[in-house]
>>> print(open('start35.cif').read())   # mmCIF, C-alpha atoms
data_protein
loop_
_atom_site.group_PDB
_atom_site.id
_atom_site.type_symbol
_atom_site.label_atom_id
_atom_site.label_comp_id
_atom_site.auth_asym_id
_atom_site.auth_seq_id
_atom_site.Cartn_x
_atom_site.Cartn_y
_atom_site.Cartn_z
ATOM 1 C CA MET G 1 48.866 243.057 27.525
ATOM 2 C CA GLU G 2 46.797 242.202 24.447
ATOM 3 C CA ILE G 3 43.701 241.900 26.619
ATOM 4 C CA LEU G 4 44.250 245.425 27.947
ATOM 5 C CA LYS G 5 44.780 246.745 24.440
ATOM 6 C CA ASN G 6 41.501 245.135 23.360
ATOM 7 C CA LEU G 7 39.536 246.421 26.360
ATOM 8 C CA PHE G 8 41.001 249.953 26.291
ATOM 9 C CA PRO G 9 41.882 250.570 22.627
ATOM 10 C CA PHE G 10 41.917 254.378 22.726
ATOM 11 C CA SER G 11 44.257 254.530 25.706
ATOM 12 C CA PHE G 12 46.993 252.932 23.619
ATOM 13 C CA LYS G 13 46.729 255.228 20.600
ATOM 14 C CA PRO G 14 50.025 257.013 19.992
ATOM 15 C CA LYS G 15 50.177 260.505 21.454
ATOM 16 C CA ALA G 16 52.716 262.873 19.918
ATOM 17 C CA ASN G 17 53.222 265.116 22.933
ATOM 18 C CA TRP G 18 51.905 265.943 26.380
ATOM 19 C CA LYS G 19 49.200 268.218 24.938
ATOM 20 C CA ASP G 20 47.618 265.248 23.161
ATOM 21 C CA LEU G 21 47.696 263.319 26.422
ATOM 22 C CA LEU G 22 46.124 266.220 28.294
ATOM 23 C CA ILE G 23 43.365 266.531 25.697
ATOM 24 C CA TRP G 24 42.641 262.802 25.968
ATOM 25 C CA VAL G 25 42.475 262.981 29.763
ATOM 26 C CA VAL G 26 40.090 265.958 29.585
ATOM 27 C CA VAL G 27 37.887 264.093 27.076
ATOM 28 C CA LEU G 28 37.724 261.103 29.409
ATOM 29 C CA LEU G 29 36.909 263.305 32.404
ATOM 30 C CA ILE G 30 34.107 265.035 30.504
ATOM 31 C CA ALA G 31 32.721 261.696 29.334
ATOM 32 C CA ASP G 32 32.823 260.443 32.926
ATOM 33 C CA LEU G 33 31.031 263.580 34.112
ATOM 34 C CA VAL G 34 28.285 263.225 31.494
ATOM 35 C CA CYS G 35 27.802 259.547 32.319
ATOM 36 C CA GLY G 36 27.736 260.392 36.017
ATOM 37 C CA VAL G 37 25.004 262.983 35.522
ATOM 38 C CA ILE G 38 22.899 260.569 33.476
ATOM 39 C CA ILE G 39 23.404 257.772 35.994
ATOM 40 C CA GLY G 40 22.579 260.191 38.807
ATOM 41 C CA ILE G 41 19.284 261.073 37.159
ATOM 42 C CA LEU G 42 18.469 257.418 36.550
ATOM 43 C CA GLY G 43 19.483 256.578 40.107
ATOM 44 C CA HIS G 44 16.403 258.299 41.466
ATOM 45 C CA LEU G 45 14.052 255.940 39.647
ATOM 46 C CA PRO G 46 12.788 253.298 42.049
ATOM 47 C CA LEU G 47 13.062 250.164 39.940
ATOM 48 C CA ILE G 48 16.335 250.749 38.138
ATOM 49 C CA GLY G 49 18.182 252.930 40.632
ATOM 50 C CA TRP G 50 20.392 250.181 41.998
ATOM 51 C CA ILE G 51 21.221 248.921 38.492
ATOM 52 C CA ALA G 52 22.131 252.479 37.475
ATOM 53 C CA GLY G 53 24.414 252.684 40.531
ATOM 54 C CA ILE G 54 26.253 249.509 39.559
ATOM 55 C CA ILE G 55 26.627 250.635 35.959
ATOM 56 C CA GLY G 56 27.821 254.054 37.113
ATOM 57 C CA GLY G 57 30.465 252.479 39.320
ATOM 58 C CA LEU G 58 31.716 250.297 36.494
ATOM 59 C CA LEU G 59 31.820 253.233 34.072
ATOM 60 C CA GLY G 60 33.754 255.334 36.574
ATOM 61 C CA LEU G 61 36.238 252.515 37.042
ATOM 62 C CA TYR G 62 36.597 252.121 33.261
ATOM 63 C CA PHE G 63 37.326 255.828 32.761
ATOM 64 C CA THR G 64 39.813 255.861 35.636
ATOM 65 C CA VAL G 65 41.698 252.842 34.307
ATOM 66 C CA SER G 66 41.674 254.396 30.819
ATOM 67 C CA ILE G 67 43.339 257.541 32.144
ATOM 68 C CA VAL G 68 45.961 255.579 34.072
ATOM 69 C CA LEU G 69 46.755 253.375 31.061
ATOM 70 C CA ALA G 70 47.007 256.390 28.754
ATOM 71 C CA VAL G 71 49.503 258.074 31.085
ATOM 72 C CA LEU G 72 51.542 254.884 31.530
ATOM 73 C CA ASP G 73 51.582 254.298 27.783
ATOM 74 C CA PHE G 74 52.674 257.896 27.144
ATOM 75 C CA LEU G 75 55.517 257.537 29.663
ATOM 76 C CA LYS G 76 56.552 254.266 27.959
ATOM 77 C CA VAL G 77 56.081 252.240 31.136
ATOM 78 C CA LEU G 78 53.922 249.706 29.276
ATOM 79 C CA LYS G 79 55.215 247.756 26.313
#
>>> encode(input="start35.cif", output="structure tokens")
Amino acid sequence: MEILKNLFPFSFKPKANWKDLLIWVVVLLIADLVCGVIIGILGHLPLIGWIAGIIGGLLGLYFTVSIVLAVLDFLKVLK
């Protein structure tokens, strides 16, 4: 569990109510959207397009896991 808390530190910040959780999820979704647009633009460049695709996939996975961990932490499923 300590490894997850080190890799996803903001997902484990205490959230007072469901509104704080919703705001955090929206922030993560917007960050994922911005990164996706930037990666999409870089993906059209011939030499670094495939690297941008890999990085984009990893960033999308990171944001998705962050959202799931934030919800599980809010619901007190994780200790």
>>> resolve_selection(input="start35.cif", expression="the PyMOL selection byres ((chain G and resi 16-27) around 10)", output="PyMOL selection string")
chain G and resi 10-11+13-15+28-33+63-64+66-68+70-71+73-75
>>> residues_near_point(input="start35.cif", point="(36.6, 246.9, 27.6)", cutoff="12 Å", atoms="all atoms listed in the file", output="PyMOL selection string")
chain G and resi 2-11+58-59+61-63+65-66
>>> closest_residue(input="start35.cif", among="G:Gly36, G:Val77, G:Leu69, G:Met1", to="Gly53 (chain G)", atoms="all atoms listed in the file")
G:Gly36
>>> atom_distance(input="start35.cif", atom1="CA of Phe12 (chain G)", atom2="CA of Lys79 (chain G)")
10.1 Å
>>> atom_distance(input="start35.cif", atom1="CA of Ala52 (chain G)", atom2="CA of Ile39 (chain G)")
5.6 Å
>>> axis_aligned_box(input="start35.cif", around="region 47-50 of chain G", padding_each_side="8 Å", output="lines of an AutoDock Vina configuration file")
center_x = 16.7
center_y = 251.5
center_z = 40.1
size_x = 23.3
size_y = 18.8
size_z = 19.9
>>> atom_distance(input="start35.cif", atom1="CA of Gly49 (chain G)", atom2="CA of Cys35 (chain G)")
14.3 Å
>>> residues_around(input="start35.cif", residues="Ile51 (chain G)", least_positions_apart="5", cutoff="10 Å", atoms="only C-alpha atoms", output="list in words")
Ile39, Leu42, Gly43, Gly56 and Gly57 of chain G
